[in-house]
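One structure is given here, and the rest of the page talks about it.
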2 protein chains.
Amino acid sequence: MSNLHELKCEACHIDAPKVTDLELEEMLQGISQWRVIERDGIKQLEREFTFKNFKLAWAFSNKIAELAEAEFHHPTITLEWGKVTVCWWSHSAKGLHKNDFICAAKTDRCLE
Amino acid sequence: MSNLHELKCEACHIDAPKVTDLELEEMLQGISQWRVIERDGIKQLEREFTFKNFKLAWAFSNKIAELAEAEFHHPTITLEWGKVTVCWWSHSAKGLHKNDFICAAKTDRCLE
């Protein structure tokens, strides 16, 4: 699924459905630089972005924060010297929801 | 040591001296809400700050990024919904340098 970045997050509710394994594999193809990690038993999408200095990393982290507010969906953004790590998952689904894949694809677009 | 926030970071060099255990205990008194953690064998100062929403947390994380640039010393800043976690340590000293305590004290002042 390569048009993820064109979609908009749906409003999420408690016990929103997690993606199935098949959906996960399919949607990961559209965001091939993200990896699925498991933290405290909860699947998350994570990607590290590297930059030449702190200022560039900081500017990127602000773009992701803007995206989060626009989508009403909030990741973990870790900013350090020359690196930003972004992690998307859905608290309400306690795992990965389609919204996370949409936001990961939009995060990639923020690099452009 | 309660005037840490009035000091300025010194330029750090490779193998800059780490604080001694005695200095650590003394300086921690000035930043009592920080805890010393060890990550990958490296001591770090960490504090979590909670906020009512994402925007307030985001604004605070930007203040810390500004502080980092002003001090030429860069922490790890983790921004998520309603929470910012700040972690200071000195890469060159591979542990805690006086600069980290100065920056932790200045981080606290950013809340005001």
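Labels used: A, B, ... for chains in the order of the structure tokens, numbers from 1 for residues in each chain, and numbers from 1 for ligands as shown.
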
Write out as a JSON list (two decimals) with N, CA, C and O atoms, in the first residue's frame the residues lying within 12 Å of Glu25 (chain A), counting only C-alpha atoms and excluding same-chain residues fewer than 5 positions away.
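Wrote it out as around30.json, contents follow:
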[["chain", "number", "residue", "atom", "x", "y", "z"],
["A", 1, "MET", "N", 0.86, -1.19, 0.00],
["A", 1, "MET", "CA", 0.00, 0.00, 0.00],
["A", 1, "MET", "C", 0.90, 1.24, 0.00],
["A", 1, "MET", "O", 1.56, 1.53, 0.98],
["A", 19, "VAL", "N", -4.36, -3.78, 13.57],
["A", 19, "VAL", "CA", -4.21, -4.36, 12.23],
["A", 19, "VAL", "C", -3.93, -5.86, 12.37],
["A", 19, "VAL", "O", -3.34, -6.30, 13.36],
["A", 20, "THR", "N", -4.37, -6.63, 11.39],
["A", 20, "THR", "CA", -4.06, -8.06, 11.38],
["A", 20, "THR", "C", -2.62, -8.24, 10.89],
["A", 20, "THR", "O", -2.02, -7.31, 10.34],
["A", 30, "GLY", "N", 4.72, -0.19, 2.21],
["A", 30, "GLY", "CA", 4.66, 1.23, 1.84],
["A", 30, "GLY", "C", 5.57, 2.11, 2.70],
["A", 30, "GLY", "O", 5.79, 3.28, 2.39],
["A", 31, "ILE", "N", 6.08, 1.54, 3.78],
["A", 31, "ILE", "CA", 6.97, 2.31, 4.68],
["A", 31, "ILE", "C", 8.14, 1.41, 5.07],
["A", 31, "ILE", "O", 8.36, 1.09, 6.23],
["A", 32, "SER", "N", 8.91, 1.05, 4.04],
["A", 32, "SER", "CA", 9.90, -0.02, 4.19],
["A", 32, "SER", "C", 11.05, 0.31, 5.14],
["A", 32, "SER", "O", 11.79, -0.59, 5.54],
["A", 34, "TRP", "N", 10.69, 1.53, 8.11],
["A", 34, "TRP", "CA", 10.23, 1.44, 9.50],
["A", 34, "TRP", "C", 10.33, -0.01, 9.95],
["A", 34, "TRP", "O", 10.16, -0.93, 9.17],
["A", 35, "ARG", "N", 10.58, -0.18, 11.25],
["A", 35, "ARG", "CA", 10.60, -1.54, 11.76],
["A", 35, "ARG", "C", 9.55, -1.67, 12.86],
["A", 35, "ARG", "O", 9.22, -0.69, 13.54],
["A", 36, "VAL", "N", 9.05, -2.87, 12.99],
["A", 36, "VAL", "CA", 8.08, -3.13, 14.05],
["A", 36, "VAL", "C", 8.85, -3.59, 15.27],
["A", 36, "VAL", "O", 9.64, -4.54, 15.20],
["A", 96, "LEU", "N", -0.79, -1.63, 17.01],
["A", 96, "LEU", "CA", -0.75, -0.91, 15.74],
["A", 96, "LEU", "C", -2.11, -0.85, 15.06],
["A", 96, "LEU", "O", -2.77, -1.87, 14.85],
["A", 98, "LYS", "N", -4.26, 1.21, 11.73],
["A", 98, "LYS", "CA", -3.95, 1.75, 10.40],
["A", 98, "LYS", "C", -3.41, 3.19, 10.50],
["A", 98, "LYS", "O", -2.54, 3.60, 9.73],
["A", 101, "PHE", "N", 0.35, 3.57, 10.48],
["A", 101, "PHE", "CA", 1.01, 3.40, 9.18],
["A", 101, "PHE", "C", 0.85, 4.67, 8.34],
["A", 101, "PHE", "O", 1.76, 5.09, 7.64]]

### Task
Would you please extract all alpha helix (DSSP H) residues from chain B, as assigned by DSSP on the backbone, and give them as a ChimeraX atom specification?
/B:21-28,54-71,98-109

Using only C-alpha atoms, tabulate the residues of chain B lying at most 6 Å from any atom of chain A, each with its closest atom pair and that distance in Å to one decimal, by chain and increasing residue number, as a tab-separated table.
residue	atom	partner	partner_atom	distance
B:Thr76	CA	A:Glu80	CA	4.6
B:Ile77	CA	A:Leu79	CA	5.1
B:Thr78	CA	A:Thr78	CA	4.2
B:Leu79	CA	A:Ile77	CA	5.1
B:Glu80	CA	A:Thr76	CA	4.6

### Message
What's around Ile37 (chain A) at 12 Å? Count only C-alpha atoms, leave out sequence neighbours fewer than 5 positions away in its own chain, and write the answer as a PyMOL selection string.
### Response
chain A and resi 42-47+86-89+95-96

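If you look at CA of Arg109 (chain A) and CA of Met27 (chain A), they are 15.9 Å away from each other.
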